[in-house]
Structure formats: structure tokens, C-alpha cells
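What follows is one structure encoded as C-alpha cells, with my remarks underneath.
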Amino acid sequence: MTERGPAPSSDRYARPVSDPADTEHRLARLEARVEDRGLADLGVKVDVNRRAINALGVQTAARFDRVDERFDRVDQRFDRLEAEMRTGFAEMRGRLDGAAAGYQHIVELLDTLLRDDQR
């Protein structure tokens, strides 16, 4: 077995600890720092996810706005077609009523002729 010398005195390395109570204290501080760092990392991840969700919400809202605009245009088109259809039906009704009146007049003339011929 080789014996190790004292730890380097650089700030990068911890100083050697000979007192076990000090080791427990230092270990507790290290665990707290690791936990704090983990919580900070978790906070960063939550913020990133929140931003991503908000961005998706904005994109989804924009898509719904476009869909709503398209439905509005479709509704306007249907309203226009329905108005044209009603106008067309009214015109046809008027023409059919006129034709029916003409046919009725022909029937009355024929009835008059038949009555006159029977006398």
C-alpha cells in the first residue's frame, strides 16, 4: 500500500478532513447544493415547457382563427346561395302560377265552346 500525501492546496480541491463531524457537515452542505442545483434545473425545464406550451397555444389559436374565418366565408356563401335559391323558387312559382292561370283560362274557353256546341 502506498500512502497518499496531503491533498493539493488548490481551490479546486477540498481540503482534507480529519474530523468526521466536519465530514458530515460538509456532506450535508454538498447535498443541499446538489438539491438546489436540481431544483434550479427543474425550474429551467418547467420554464422551457411552459414556453413551448404557450407557443403551441398561440399556434393553435391562430389555426382556430383561420378555421373560423373559413367557416364565416362558407356561411356567407351558403347565405348567398340560399337567397338565390329562394329568389329562383319565387320566380318559378310566379311562372307556374301564370301558366296555371293560362291553363285555367283555356279550360274556361273550352267549356264555353262545348256548352255553345251542345245547345
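Each chain of the C-alpha cells is named A, B, ... in the order shown, its residues numbered from 1; ligands are numbered from 1 in display order.
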
Margin query: I need the alpha helix (DSSP H) residues of chain A per DSSP on the backbone, written as number ranges by chain.
Written below: A: 20-118

Could those residues be written to a file, using C-alpha atoms, as an mmCIF file, in the first residue's frame?
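New file part-v3.cif:
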```cif
data_model
loop_
_atom_site.group_PDB
_atom_site.id
_atom_site.type_symbol
_atom_site.label_atom_id
_atom_site.label_comp_id
_atom_site.auth_asym_id
_atom_site.auth_seq_id
_atom_site.Cartn_x
_atom_site.Cartn_y
_atom_site.Cartn_z
ATOM 1 C CA PRO A 20 -15.767 13.036 10.976
ATOM 2 C CA ALA A 21 -18.250 15.565 12.360
ATOM 3 C CA ASP A 22 -16.912 18.111 9.880
ATOM 4 C CA THR A 23 -17.307 15.480 7.137
ATOM 5 C CA GLU A 24 -20.996 15.067 7.965
ATOM 6 C CA HIS A 25 -21.478 18.825 7.932
ATOM 7 C CA ARG A 26 -19.699 19.208 4.605
ATOM 8 C CA LEU A 27 -21.622 16.290 3.131
ATOM 9 C CA ALA A 28 -24.930 17.873 4.197
ATOM 10 C CA ARG A 29 -23.894 21.191 2.581
ATOM 11 C CA LEU A 30 -22.909 19.348 -0.610
ATOM 12 C CA GLU A 31 -26.257 17.513 -0.711
ATOM 13 C CA ALA A 32 -28.077 20.820 -0.234
ATOM 14 C CA ARG A 33 -26.135 22.394 -3.109
ATOM 15 C CA VAL A 34 -26.877 19.407 -5.344
ATOM 16 C CA GLU A 35 -30.551 19.583 -4.383
ATOM 17 C CA ASP A 36 -30.634 23.341 -5.041
ATOM 18 C CA ARG A 37 -28.990 22.793 -8.404
ATOM 19 C CA GLY A 38 -31.507 20.024 -9.178
ATOM 20 C CA LEU A 39 -34.380 22.331 -8.267
ATOM 21 C CA ALA A 40 -32.889 25.071 -10.411
ATOM 22 C CA ASP A 41 -32.598 22.632 -13.318
ATOM 23 C CA LEU A 42 -36.185 21.571 -12.735
ATOM 24 C CA GLY A 43 -37.251 25.230 -12.736
ATOM 25 C CA VAL A 44 -35.485 25.770 -16.046
ATOM 26 C CA LYS A 45 -37.168 22.706 -17.522
ATOM 27 C CA VAL A 46 -40.573 23.860 -16.294
ATOM 28 C CA ASP A 47 -39.982 27.305 -17.833
ATOM 29 C CA VAL A 48 -38.951 25.756 -21.150
ATOM 30 C CA ASN A 49 -42.020 23.514 -21.152
ATOM 31 C CA ARG A 50 -44.262 26.441 -20.229
ATOM 32 C CA ARG A 51 -42.866 28.475 -23.139
ATOM 33 C CA ALA A 52 -43.375 25.535 -25.506
ATOM 34 C CA ILE A 53 -46.948 25.045 -24.319
ATOM 35 C CA ASN A 54 -47.661 28.769 -24.666
ATOM 36 C CA ALA A 55 -46.215 28.735 -28.193
ATOM 37 C CA LEU A 56 -48.428 25.774 -29.085
ATOM 38 C CA GLY A 57 -51.382 27.645 -27.624
ATOM 39 C CA VAL A 58 -50.630 30.660 -29.807
ATOM 40 C CA GLN A 59 -50.273 28.447 -32.897
ATOM 41 C CA THR A 60 -53.483 26.597 -32.083
ATOM 42 C CA ALA A 61 -55.371 29.853 -31.526
ATOM 43 C CA ALA A 62 -54.114 31.155 -34.876
ATOM 44 C CA ARG A 63 -55.246 27.962 -36.591
ATOM 45 C CA PHE A 64 -58.665 28.182 -34.982
ATOM 46 C CA ASP A 65 -58.893 31.810 -36.107
ATOM 47 C CA ARG A 66 -58.187 30.725 -39.689
ATOM 48 C CA VAL A 67 -60.748 27.916 -39.441
ATOM 49 C CA ASP A 68 -63.305 30.389 -38.064
ATOM 50 C CA GLU A 69 -62.612 32.754 -40.962
ATOM 51 C CA ARG A 70 -63.119 29.922 -43.447
ATOM 52 C CA PHE A 71 -66.375 28.898 -41.785
ATOM 53 C CA ASP A 72 -67.511 32.524 -41.912
ATOM 54 C CA ARG A 73 -66.827 32.579 -45.652
ATOM 55 C CA VAL A 74 -68.666 29.269 -46.097
ATOM 56 C CA ASP A 75 -71.619 30.631 -44.095
ATOM 57 C CA GLN A 76 -71.706 33.750 -46.279
ATOM 58 C CA ARG A 77 -71.592 31.605 -49.394
ATOM 59 C CA PHE A 78 -74.456 29.412 -48.153
ATOM 60 C CA ASP A 79 -76.469 32.514 -47.254
ATOM 61 C CA ARG A 80 -75.914 33.870 -50.773
ATOM 62 C CA LEU A 81 -76.853 30.528 -52.372
ATOM 63 C CA GLU A 82 -79.938 30.225 -50.168
ATOM 64 C CA ALA A 83 -81.060 33.734 -51.168
ATOM 65 C CA GLU A 84 -80.523 32.893 -54.843
ATOM 66 C CA MET A 85 -82.453 29.639 -54.398
ATOM 67 C CA ARG A 86 -85.380 31.414 -52.717
ATOM 68 C CA THR A 87 -85.412 34.041 -55.473
ATOM 69 C CA GLY A 88 -85.314 31.310 -58.121
ATOM 70 C CA PHE A 89 -88.142 29.396 -56.445
ATOM 71 C CA ALA A 90 -90.215 32.575 -56.178
ATOM 72 C CA GLU A 91 -89.652 33.285 -59.868
ATOM 73 C CA MET A 92 -90.594 29.727 -60.799
ATOM 74 C CA ARG A 93 -93.663 29.896 -58.558
ATOM 75 C CA GLY A 94 -94.710 33.088 -60.334
ATOM 76 C CA ARG A 95 -94.195 31.486 -63.737
ATOM 77 C CA LEU A 96 -96.054 28.326 -62.730
ATOM 78 C CA ASP A 97 -98.912 30.409 -61.282
ATOM 79 C CA GLY A 98 -99.032 32.350 -64.568
ATOM 80 C CA ALA A 99 -99.068 29.111 -66.562
ATOM 81 C CA ALA A 100 -101.785 27.690 -64.308
ATOM 82 C CA ALA A 101 -103.874 30.823 -64.810
ATOM 83 C CA GLY A 102 -103.374 30.489 -68.570
ATOM 84 C CA TYR A 103 -104.429 26.835 -68.485
ATOM 85 C CA GLN A 104 -107.467 27.743 -66.398
ATOM 86 C CA HIS A 105 -108.411 30.382 -68.969
ATOM 87 C CA ILE A 106 -108.069 27.790 -71.756
ATOM 88 C CA VAL A 107 -110.268 25.364 -69.803
ATOM 89 C CA GLU A 108 -112.913 28.068 -69.345
ATOM 90 C CA LEU A 109 -112.823 28.876 -73.071
ATOM 91 C CA LEU A 110 -113.141 25.198 -73.935
ATOM 92 C CA ASP A 111 -116.050 24.821 -71.509
ATOM 93 C CA THR A 112 -117.734 27.810 -73.138
ATOM 94 C CA LEU A 113 -117.237 26.318 -76.606
ATOM 95 C CA LEU A 114 -118.563 22.925 -75.516
ATOM 96 C CA ARG A 115 -121.666 24.476 -73.935
ATOM 97 C CA ASP A 116 -122.288 26.513 -77.042
ATOM 98 C CA ASP A 117 -121.909 23.410 -79.232
ATOM 99 C CA GLN A 118 -124.354 21.424 -77.070
#
```
